[in-house]
$ cat my_file_9.txt   # compact mmCIF, C-alpha atoms
# COMPACT_ATOMS: atom_id res chain seq x y z
CA MET U 30 3.75 18.73 -15.84
CA THR U 31 2.55 15.23 -14.91
CA LEU U 32 4.01 12.37 -12.92
CA GLY U 33 6.37 9.97 -14.68
CA TRP U 34 6.46 6.25 -14.00
CA LEU U 35 9.32 6.60 -11.54
CA SER U 36 7.39 9.20 -9.52
CA ILE U 37 4.25 7.03 -9.56
CA PHE U 38 6.33 4.11 -8.29
CA ARG U 39 7.82 6.31 -5.55
CA LEU U 40 4.36 7.40 -4.40
CA GLY U 41 3.40 3.72 -4.40
CA LEU U 42 6.10 3.25 -1.76
CA VAL U 43 4.03 5.50 0.52
CA GLN U 44 1.07 3.15 0.06
CA MET U 45 3.39 0.26 0.87
CA ALA U 46 4.45 1.99 4.09
CA LEU U 47 0.80 2.65 4.99
CA GLY U 48 -0.06 -1.01 4.47
CA ALA U 49 2.93 -2.13 6.54
CA VAL U 50 1.93 -0.03 9.54
CA VAL U 51 -1.79 -0.72 9.40
CA VAL U 52 -1.44 -4.51 9.12
CA LEU U 53 0.51 -4.56 12.39
CA CYS U 54 -2.24 -2.68 14.18
CA THR U 55 -5.24 -4.46 12.68
CA SER U 56 -3.84 -7.99 12.58
CA THR U 57 -0.74 -8.73 14.68
CA LEU U 58 -1.71 -6.69 17.74
CA ASN U 59 -5.25 -8.04 17.59
CA ARG U 60 -3.98 -11.61 17.72
CA LEU U 61 -1.77 -10.78 20.71
CA MET U 62 -4.73 -9.33 22.61
CA VAL U 63 -6.96 -12.33 21.96
CA VAL U 64 -4.47 -15.21 22.18
CA GLU U 65 -1.52 -14.20 24.35
CA LEU U 66 -3.50 -11.90 26.67
CA ALA U 67 -6.75 -13.95 26.51
CA LEU U 68 -8.88 -10.80 26.13
CA PRO U 69 -12.34 -10.85 24.52
CA ALA U 70 -12.21 -10.55 20.72
CA LEU U 71 -14.67 -7.68 21.07
CA LEU U 72 -11.90 -5.41 22.40
CA PRO U 73 -9.61 -5.42 19.34
CA GLY U 74 -12.74 -5.42 17.18
CA LEU U 75 -13.88 -2.15 18.73
CA LEU U 76 -10.39 -0.65 18.44
CA VAL U 77 -10.24 -1.49 14.72
CA ALA U 78 -13.75 -0.08 14.31
CA LEU U 79 -12.56 3.12 16.00
CA HIS U 80 -9.67 3.45 13.55
CA TYR U 81 -12.09 3.09 10.63
CA GLY U 82 -14.66 5.41 12.17
CA ILE U 83 -12.08 8.16 12.66
CA GLN U 84 -11.38 8.00 8.93
CA ILE U 85 -14.70 9.71 8.31
CA SER U 86 -12.46 12.77 8.73
CA ARG U 87 -10.94 12.09 5.28
CA PRO U 88 -12.90 14.90 3.51
CA LYS U 89 -11.52 17.39 6.05
CA TRP U 90 -7.93 16.28 5.41
CA GLY U 91 -8.51 16.45 1.67
CA PHE U 92 -9.99 19.92 1.97
CA MET U 93 -7.01 21.15 3.99
CA SER U 94 -4.59 19.79 1.39
CA ASP U 95 -6.66 21.55 -1.30
CA THR U 96 -6.62 24.94 0.40
CA GLY U 97 -3.12 24.65 1.88
CA GLY U 98 -1.42 24.24 -1.48
CA HIS U 99 1.11 21.61 -0.34
CA ARG U 100 -0.05 17.98 -0.29
CA THR U 101 3.38 16.56 0.61
CA ARG U 102 3.20 18.32 3.97
CA TRP U 103 -0.04 16.53 4.82
CA ILE U 104 1.30 13.18 3.63
CA LEU U 105 4.25 13.51 6.01
CA ARG U 106 2.15 14.83 8.89
CA GLY U 107 -0.31 11.99 8.46
CA MET U 108 2.48 9.42 8.39
CA ALA U 109 3.97 10.94 11.56
CA LEU U 110 0.58 10.54 13.31
CA LEU U 111 0.29 7.00 11.99
CA VAL U 112 3.69 5.78 13.21
CA LEU U 113 3.15 7.47 16.59
CA GLY U 114 -0.19 5.69 16.86
CA GLY U 115 1.46 2.40 15.92
CA LEU U 116 4.11 2.78 18.61
CA LEU U 117 1.49 3.65 21.22
CA ALA U 118 -0.71 0.74 20.12
CA ALA U 119 2.16 -1.69 20.73
CA GLY U 120 2.82 -0.04 24.08
CA GLY U 121 -0.87 -0.35 24.91
CA VAL U 122 -0.78 -4.12 24.29
CA VAL U 123 2.20 -4.48 26.63
CA LEU U 124 0.51 -2.29 29.24
CA LEU U 125 -2.75 -4.25 29.05
CA GLU U 126 -0.97 -7.23 30.59
CA SER U 127 -0.17 -5.41 33.83
CA ASN U 128 -2.76 -2.62 34.01
CA PHE U 129 -5.89 -3.19 31.96
CA PHE U 130 -7.49 0.26 32.24
CA ALA U 131 -4.26 2.17 31.59
CA GLY U 132 -3.55 -0.09 28.61
CA LEU U 133 -7.07 0.40 27.31
CA ALA U 134 -6.77 4.19 27.53
CA VAL U 135 -3.46 4.14 25.66
CA SER U 136 -4.89 1.77 23.03
CA VAL U 137 -7.97 3.93 22.40
CA PHE U 138 -5.79 7.02 21.94
CA ALA U 139 -3.39 5.06 19.72
CA TYR U 140 -6.06 3.71 17.38
CA ALA U 141 -7.60 7.18 17.09
CA LEU U 142 -4.18 8.48 15.98
CA ILE U 143 -3.90 5.61 13.51
CA GLY U 144 -7.25 6.55 11.96
CA LEU U 145 -6.24 10.21 11.73
CA GLY U 146 -2.86 9.31 10.23
CA VAL U 147 -4.27 7.00 7.57
CA GLY U 148 -6.92 9.56 6.67
CA ALA U 149 -4.51 12.49 6.37
CA SER U 150 -1.70 10.67 4.59
CA GLY U 151 -3.76 8.38 2.36
CA THR U 152 -6.20 11.05 1.20
CA SER U 153 -3.48 13.58 0.40
CA LEU U 154 -1.50 10.92 -1.47
CA LEU U 155 -4.49 9.95 -3.63
CA ALA U 156 -5.27 13.61 -4.26
CA LEU U 157 -1.69 14.20 -5.44
CA LEU U 158 -1.93 11.19 -7.76
CA ALA U 159 -5.31 12.37 -9.06
CA THR U 160 -4.11 15.88 -9.89
CA ALA U 161 -0.71 14.99 -11.34
CA THR U 162 -1.22 11.71 -13.21
CA ALA U 163 -1.93 11.83 -16.95
CA PRO U 164 -5.38 10.39 -17.80
CA ARG U 165 -3.89 7.54 -19.85
CA ARG U 166 -1.84 6.39 -16.85
CA ARG U 167 -4.49 6.51 -14.11
CA ALA U 168 -5.55 2.86 -14.29
CA ALA U 169 -1.93 1.73 -14.22
CA ALA U 170 -1.11 4.16 -11.39
CA ALA U 171 -3.99 2.76 -9.34
CA THR U 172 -2.75 -0.76 -10.06
CA VAL U 173 0.84 0.06 -9.08
CA THR U 174 -0.05 1.81 -5.82
CA TRP U 175 -2.52 -0.84 -4.67
CA LEU U 176 -0.28 -3.74 -5.57
CA MET U 177 2.52 -2.11 -3.59
CA MET U 178 0.20 -1.66 -0.62
CA ILE U 179 -0.70 -5.34 -0.73
CA PHE U 180 3.00 -6.20 -1.05
CA GLY U 181 3.75 -4.07 2.02
CA ILE U 182 1.03 -5.86 3.97
CA ALA U 183 2.25 -9.31 2.94
CA LEU U 184 5.93 -8.52 3.53
CA THR U 185 5.33 -7.03 6.96
CA ALA U 186 2.94 -9.75 8.10
CA GLY U 187 5.36 -12.49 7.08
CA GLY U 188 8.51 -10.79 8.36
CA VAL U 189 7.07 -9.70 11.69
CA GLY U 190 5.44 -13.08 12.19
CA ALA U 191 8.81 -14.78 11.84
CA ALA U 192 10.72 -12.25 13.95
CA LEU U 193 8.16 -12.17 16.76
CA ASP U 194 8.59 -15.83 17.67
CA PRO U 195 9.16 -16.48 20.56
CA TYR U 196 6.99 -13.61 21.77
CA THR U 197 8.14 -11.26 24.49
CA PRO U 198 6.90 -7.71 25.17
CA MET U 199 10.35 -6.20 24.55
CA ARG U 200 10.71 -8.08 21.27
CA LEU U 201 7.31 -6.72 20.19
CA LEU U 202 8.25 -3.13 21.03
CA SER U 203 11.60 -3.45 19.24
CA ILE U 204 10.08 -4.89 16.07
CA VAL U 205 7.26 -2.34 15.96
CA ALA U 206 9.73 0.52 16.49
CA CYS U 207 11.83 -0.72 13.57
CA VAL U 208 8.80 -1.02 11.28
CA MET U 209 7.52 2.43 12.22
CA ALA U 210 10.91 4.08 11.73
CA GLY U 211 11.35 2.33 8.39
CA ALA U 212 7.88 3.35 7.22
CA PHE U 213 8.42 7.03 8.06
CA CYS U 214 11.90 7.17 6.50
CA LEU U 215 10.62 5.42 3.37
CA THR U 216 7.78 7.95 3.09
CA VAL U 217 10.15 10.91 3.41
CA LEU U 218 12.45 9.54 0.71
CA ALA U 219 9.51 8.60 -1.52
CA VAL U 220 7.87 12.04 -1.61
CA TRP U 221 11.07 14.11 -1.48
CA GLY U 222 11.04 16.68 -4.31
CA ILE U 223 8.16 15.16 -6.29
CA GLU U 224 5.61 17.91 -5.73
CA ALA U 225 8.24 20.63 -6.20
CA ARG U 226 8.82 19.47 -9.79
CA LEU U 227 5.13 19.75 -10.65
CA ALA U 228 3.28 22.96 -11.39
CA PRO U 229 3.47 24.92 -8.13
CA SER U 230 0.21 25.20 -6.19
CA LYS U 231 -0.33 28.14 -3.88
CA PRO U 232 -2.48 28.29 -0.76
CA GLU U 233 -5.87 29.87 -1.28
CA ALA U 234 -5.77 33.54 -0.37
CA ASP U 235 -9.18 33.51 1.30
CA PRO U 236 -10.17 29.87 1.92
CA ILE U 237 -13.82 29.13 2.51
CA PRO U 238 -14.96 27.15 5.58
CA PHE U 239 -14.83 23.36 5.30
CA ARG U 240 -18.61 22.93 5.51
CA VAL U 241 -19.09 25.33 2.61
CA GLY U 242 -16.45 23.50 0.56
CA LEU U 243 -17.99 20.11 1.29
CA ARG U 244 -21.45 21.45 0.42
CA GLU U 245 -20.11 22.70 -2.90
CA VAL U 246 -18.69 19.28 -3.76
CA TRP U 247 -21.85 17.49 -2.62
CA GLY U 248 -23.83 19.84 -4.85
CA GLU U 249 -22.04 18.49 -7.94
CA PRO U 250 -24.25 15.73 -9.44
CA ARG U 251 -21.34 13.57 -10.59
CA ALA U 252 -19.54 13.72 -7.23
CA ARG U 253 -22.76 13.02 -5.30
CA ASN U 254 -23.83 10.12 -7.54
CA PHE U 255 -20.37 8.57 -7.43
CA THR U 256 -20.37 8.86 -3.63
CA VAL U 257 -23.61 6.87 -3.43
CA PHE U 258 -22.20 4.32 -5.88
CA VAL U 259 -18.99 3.89 -3.86
CA PHE U 260 -20.99 3.41 -0.65
CA LEU U 261 -23.26 0.75 -2.14
CA SER U 262 -20.56 -1.05 -4.11
CA MET U 263 -18.16 -1.25 -1.16
CA THR U 264 -20.96 -2.61 1.02
CA ALA U 265 -21.39 -5.38 -1.55
CA TYR U 266 -17.61 -5.77 -1.94
CA PHE U 267 -17.22 -6.72 1.73
CA MET U 268 -20.51 -8.64 2.01
CA GLN U 269 -18.76 -12.02 2.15
CA GLU U 270 -15.81 -10.91 4.29
CA LEU U 271 -16.87 -12.44 7.62
CA ILE U 272 -18.91 -15.39 6.35
CA LEU U 273 -16.95 -16.97 3.49
CA GLU U 274 -14.57 -19.08 5.60
CA PRO U 275 -17.25 -20.27 8.08
CA TYR U 276 -19.48 -21.04 5.07
CA ALA U 277 -16.70 -23.14 3.52
CA GLY U 278 -16.30 -25.05 6.78
CA LEU U 279 -19.97 -25.60 7.60
CA VAL U 280 -21.27 -26.36 4.11
CA PHE U 281 -18.24 -27.78 2.27
CA GLY U 282 -16.45 -29.36 5.23
CA PHE U 283 -13.25 -27.33 4.81
CA THR U 284 -10.70 -27.62 7.61
CA PRO U 285 -9.27 -24.38 9.13
CA GLY U 286 -6.15 -24.81 6.98
CA GLN U 287 -8.19 -25.33 3.82
CA SER U 288 -10.40 -22.30 4.49
CA THR U 289 -7.30 -20.15 5.08
CA THR U 290 -5.92 -21.38 1.74
CA LEU U 291 -9.27 -20.47 0.19
CA SER U 292 -8.85 -16.90 1.40
CA GLY U 293 -5.37 -16.85 -0.13
CA ALA U 294 -6.81 -18.07 -3.43
CA GLN U 295 -9.32 -15.22 -3.35
CA ASN U 296 -6.57 -12.65 -2.79
CA GLY U 297 -4.63 -14.22 -5.66
CA GLY U 298 -7.66 -13.59 -7.85
CA VAL U 299 -7.77 -9.97 -6.64
CA LEU U 300 -4.14 -9.43 -7.66
CA LEU U 301 -4.79 -11.00 -11.06
CA GLY U 302 -7.82 -8.76 -11.61
CA MET U 303 -5.83 -5.66 -10.71
CA LEU U 304 -3.06 -6.61 -13.14
CA CYS U 305 -5.62 -7.31 -15.89
CA VAL U 306 -7.09 -3.80 -15.68
CA GLY U 307 -3.71 -2.12 -15.42
CA ILE U 308 -2.38 -3.92 -18.50
CA ALA U 309 -5.58 -3.84 -20.55
CA ALA U 310 -6.67 -0.26 -19.87
CA THR U 311 -3.23 1.37 -19.99
CA GLY U 312 -0.99 -0.84 -22.11
CA LEU U 313 -3.46 -2.33 -24.60
CA LYS U 314 -6.06 0.49 -24.50
CA ILE U 315 -8.88 -2.05 -24.14
CA GLY U 316 -12.12 -0.69 -22.70
CA SER U 317 -12.85 2.31 -20.49
CA LEU U 318 -12.65 2.57 -16.71
CA ARG U 319 -16.44 2.82 -16.63
CA GLY U 320 -16.70 -0.41 -18.61
CA TRP U 321 -14.25 -2.20 -16.33
CA ILE U 322 -16.20 -1.04 -13.25
CA VAL U 323 -19.43 -2.45 -14.70
CA THR U 324 -17.62 -5.68 -15.59
CA GLY U 325 -16.23 -5.95 -12.06
CA CYS U 326 -19.61 -5.29 -10.43
CA ILE U 327 -21.58 -7.73 -12.61
CA GLY U 328 -18.86 -10.39 -12.38
CA SER U 329 -18.62 -10.03 -8.59
CA ALA U 330 -22.38 -10.30 -8.19
CA GLY U 331 -22.50 -13.35 -10.47
CA SER U 332 -19.62 -15.02 -8.62
CA LEU U 333 -21.24 -14.39 -5.23
CA CYS U 334 -24.54 -15.85 -6.47
CA THR U 335 -22.65 -18.87 -7.83
CA ILE U 336 -20.96 -19.42 -4.48
CA THR U 337 -24.38 -19.28 -2.82
CA PHE U 338 -25.96 -21.78 -5.22
CA LEU U 339 -22.98 -24.14 -4.95
CA GLY U 340 -23.93 -24.61 -1.31
CA GLN U 341 -27.13 -26.34 -2.45
CA ILE U 342 -25.17 -29.10 -4.20
CA ALA U 343 -22.06 -29.22 -1.99
CA PRO U 344 -19.63 -30.86 -2.03
CA VAL U 345 -20.18 -32.01 -5.63
CA VAL U 346 -18.84 -28.83 -7.26
CA PRO U 347 -15.50 -27.34 -6.13
CA LEU U 348 -15.79 -24.02 -4.32
CA THR U 349 -12.26 -22.71 -4.97
CA ALA U 350 -12.81 -21.83 -8.65
CA ALA U 351 -15.83 -19.67 -7.83
CA VAL U 352 -13.94 -17.93 -5.01
CA VAL U 353 -10.99 -17.17 -7.33
CA ALA U 354 -13.48 -15.74 -9.85
CA LEU U 355 -14.96 -13.56 -7.10
CA GLY U 356 -11.48 -12.28 -6.26
CA LEU U 357 -10.71 -11.66 -9.95
CA PHE U 358 -13.79 -9.49 -10.46
CA ASN U 359 -13.25 -7.77 -7.09
CA GLY U 360 -9.75 -6.79 -8.25
CA ILE U 361 -11.07 -5.55 -11.60
CA PHE U 362 -13.65 -3.42 -9.82
CA ALA U 363 -11.22 -2.04 -7.22
CA VAL U 364 -8.59 -0.75 -9.64
CA ALA U 365 -11.14 0.60 -12.11
CA ALA U 366 -12.99 2.38 -9.30
CA ILE U 367 -9.80 3.97 -7.95
CA GLY U 368 -8.80 5.02 -11.47
CA SER U 369 -12.26 6.55 -11.93
CA MET U 370 -11.88 8.40 -8.64
CA MET U 371 -8.66 9.94 -9.95
CA ALA U 372 -10.41 10.99 -13.14
CA LEU U 373 -13.56 12.35 -11.47
CA ALA U 374 -11.60 14.14 -8.73
CA GLY U 375 -10.54 16.79 -11.24
CA GLN U 376 -14.05 17.38 -12.61
CA GLY U 377 -16.24 20.10 -11.16
CA ARG U 378 -15.01 23.07 -9.18
CA ARG U 379 -11.25 23.42 -9.48
CA ALA U 380 -8.85 22.84 -6.59
CA ARG U 381 -11.19 20.45 -4.76
CA GLU U 382 -9.57 17.16 -5.77
CA GLY U 383 -8.57 16.32 -2.20
CA THR U 384 -12.07 16.98 -0.87
CA ARG U 385 -13.60 14.66 -3.45
CA MET U 386 -11.04 11.91 -2.83
CA GLY U 387 -11.64 12.25 0.90
CA LEU U 388 -15.39 12.00 0.45
CA TRP U 389 -15.05 8.81 -1.60
CA GLY U 390 -12.41 7.43 0.76
$ encode --input "my_file_9.txt" --output "structure tokens"
Amino acid sequence: MTLGWLSIFRLGLVQMALGAVVVLCTSTLNRLMVVELALPALLPGLLVALHYGIQISRPKWGFMSDTGGHRTRWILRGMALLVLGGLLAAGGVVLLESNFFAGLAVSVFAYALIGLGVGASGTSLLALLATATAPRRRAAAATVTWLMMIFGIALTAGGVGAALDPYTPMRLLSIVACVMAGAFCLTVLAVWGIEARLAPSKPEADPIPFRVGLREVWGEPRARNFTVFVFLSMTAYFMQELILEPYAGLVFGFTPGQSTTLSGAQNGGVLLGMLCVGIAATGLKIGSLRGWIVTGCIGSAGSLCTITFLGQIAPVVPLTAAVVALGLFNGIFAVAAIGSMMALAGQGRRAREGTRMGLWG
């Protein structure tokens, strides 16, 4: 039995909850540390780096969901860790104002929990989608879940931004508590009963050690080659992340407001690219996921080179069109790559879908 569209949409709600929690911790709290508390930007930067670094544990979480036979349990456990980390992170920001070292200790622990929660919940969710989604629906499922995550990020950022003004520590704690409670309740309702209706999976009677399981997956040529590809392509994907807006200001004379709008235009292109692949690959049966990945990679590289060369003749040629094109091809690549992950996760040794998704995550 495979997931229907309603079940795919419900699992997308988990991605929306993940995005809602993470954006608070990586954006809103960072701004409060730097602006309201006048702390060095290096501090929130290191905390965000910690949360990403902890996510190297993703293969372990995927392996445990493989051998444990119940992915929903790990989704819920991961979300519980995530919302606890979010609450502590908000508390750490408040504490930093009165006791720096105590606040720092709480913040470090909180962001470690956030990394663990995202790794456990997100990896198990993707593994469940990979194992239970029909091949013809994988591109659309990737589109749905990622669009919902972006929607959760946008909705939370806008709503919290409006509710947080004027800022007070108690207002911050109240808002964060509401978001965390809502995210956890939404996750529980979203996953309730879905896995039980699928073919039952039982825990492995004699599970092998994690290192052995990871070595087995790494020994599969397709899994190993795709891991290298994901690493290189994601390095290129984020190559412009920290330099695009300063580049627009220094070379093209964009004001801060204009460069922020430019970033919004890029994200609009990403959404359009995601929708294109979801509709074309699933609804119209145009092209393969492999073909869309190649298209996304070549188009992204071409767009980035165009943006570079436009700097030589600035400001004669408008920059926005090239940035939208970059976003479009980034979105095409992202959805096609996630759909390919779902397809490749089931190839090779059976019952290791979570380990593979964790490795690529």
$ atom_distance --input "my_file_9.txt" --atom1 "atom CA of U:Leu301" --atom2 "atom CA of U:Leu357"
6.1 Å
$ atom_distance --input "my_file_9.txt" --atom1 "atom CA of U:Thr284" --atom2 "atom CA of U:Thr349"
13.6 Å
$ residues_around --input "my_file_9.txt" --residues "U:Ala118" --least-positions-apart "2" --cutoff "8 Å" --atoms "only C-alpha atoms" --output "list in words"
Cys54, Leu58, Gly114, Gly115, Leu116, Gly120, Gly121, Val122, Val135, Ser136, Ala139 and Tyr140 of chain U
$ closest_residue --input "my_file_9.txt" --among "U:Ala171, U:Cys214, U:Ile342, U:Leu40" --to "U:Met303" --atoms "only C-alpha atoms"
U:Ala171
$ atom_distance --input "my_file_9.txt" --atom1 "atom CA of U:Arg200" --atom2 "atom CA of U:Gly144"
25.0 Å
$ closest_atom_pairs --input "my_file_9.txt" --of "stretch 174-225 of chain U" --to "stretch 64-87 of chain U" --cutoff "12 Å" --atoms "all atoms listed in the file" --output "JSON lines"
{"residue": "U:Pro195", "atom": "CA", "partner": "U:Glu65", "partner_atom": "CA", "distance": 11.6}
{"residue": "U:Tyr196", "atom": "CA", "partner": "U:Glu65", "partner_atom": "CA", "distance": 8.9}
{"residue": "U:Thr197", "atom": "CA", "partner": "U:Glu65", "partner_atom": "CA", "distance": 10.1}
{"residue": "U:Pro198", "atom": "CA", "partner": "U:Glu65", "partner_atom": "CA", "distance": 10.7}
$ closest_residue --input "my_file_9.txt" --among "U:Ser329, U:Gln44, U:Thr174, U:Ser36" --to "U:Gly368" --atoms "all atoms listed in the file"
U:Thr174
$ axis_aligned_box --input "my_file_9.txt" --around "stretch 237-250 of chain U" --padding-each-side "8 Å" --output "AutoDock Vina command-line options"
--center_x -19.0 --center_y 22.4 --center_z -1.9 --size_x 26.4 --size_y 29.4 --size_z 31.0
$ build_atoms --input "my_file_9.txt" --residues "stretch 213-229 of chain U" --atoms "N, CA, C and O atoms" --output "short mmCIF file (atom, residue, chain, number, x, y, z; two decimals), in the coordinates of the input"
data_model
loop_
_atom_site.label_atom_id
_atom_site.label_comp_id
_atom_site.auth_asym_id
_atom_site.auth_seq_id
_atom_site.Cartn_x
_atom_site.Cartn_y
_atom_site.Cartn_z
N PHE U 213 8.34 5.57 8.15
CA PHE U 213 8.42 7.03 8.06
C PHE U 213 9.59 7.45 7.17
O PHE U 213 9.44 8.35 6.33
N CYS U 214 10.74 6.82 7.33
CA CYS U 214 11.90 7.17 6.50
C CYS U 214 11.62 6.89 5.03
O CYS U 214 11.98 7.68 4.14
N LEU U 215 10.96 5.76 4.75
CA LEU U 215 10.62 5.42 3.37
C LEU U 215 9.68 6.46 2.77
O LEU U 215 9.82 6.85 1.61
N THR U 216 8.72 6.93 3.58
CA THR U 216 7.78 7.95 3.09
C THR U 216 8.50 9.26 2.77
O THR U 216 8.24 9.88 1.73
N VAL U 217 9.40 9.68 3.65
CA VAL U 217 10.15 10.91 3.41
C VAL U 217 10.95 10.82 2.12
O VAL U 217 10.93 11.74 1.27
N LEU U 218 11.65 9.71 1.93
CA LEU U 218 12.45 9.54 0.71
C LEU U 218 11.57 9.44 -0.53
O LEU U 218 11.93 9.93 -1.60
N ALA U 219 10.40 8.81 -0.37
CA ALA U 219 9.51 8.60 -1.52
C ALA U 219 8.93 9.91 -2.06
O ALA U 219 8.83 10.10 -3.27
N VAL U 220 8.54 10.81 -1.17
CA VAL U 220 7.87 12.04 -1.61
C VAL U 220 8.84 13.20 -1.82
O VAL U 220 8.45 14.26 -2.32
N TRP U 221 10.10 13.01 -1.44
CA TRP U 221 11.07 14.11 -1.48
C TRP U 221 11.20 14.68 -2.90
O TRP U 221 11.61 14.00 -3.82
N GLY U 222 10.84 15.95 -3.06
CA GLY U 222 11.04 16.68 -4.31
C GLY U 222 10.03 16.42 -5.40
O GLY U 222 10.07 17.09 -6.44
N ILE U 223 9.09 15.47 -5.21
CA ILE U 223 8.16 15.16 -6.29
C ILE U 223 7.22 16.32 -6.56
O ILE U 223 7.07 16.78 -7.71
N GLU U 224 6.59 16.83 -5.53
CA GLU U 224 5.61 17.91 -5.73
C GLU U 224 6.28 19.19 -6.20
O GLU U 224 5.69 19.96 -6.96
N ALA U 225 7.53 19.41 -5.79
CA ALA U 225 8.24 20.63 -6.20
C ALA U 225 8.49 20.67 -7.70
O ALA U 225 8.60 21.76 -8.29
N ARG U 226 8.57 19.51 -8.35
CA ARG U 226 8.82 19.47 -9.79
C ARG U 226 7.55 19.64 -10.61
O ARG U 226 7.61 19.80 -11.82
N LEU U 227 6.40 19.55 -9.96
CA LEU U 227 5.13 19.75 -10.65
C LEU U 227 4.80 21.24 -10.70
O LEU U 227 5.53 22.07 -10.16
N ALA U 228 3.71 21.57 -11.37
CA ALA U 228 3.28 22.96 -11.39
C ALA U 228 3.00 23.43 -9.97
O ALA U 228 2.22 22.79 -9.26
N PRO U 229 3.63 24.50 -9.52
CA PRO U 229 3.47 24.92 -8.13
C PRO U 229 2.03 25.29 -7.81
O PRO U 229 1.34 25.94 -8.59
#
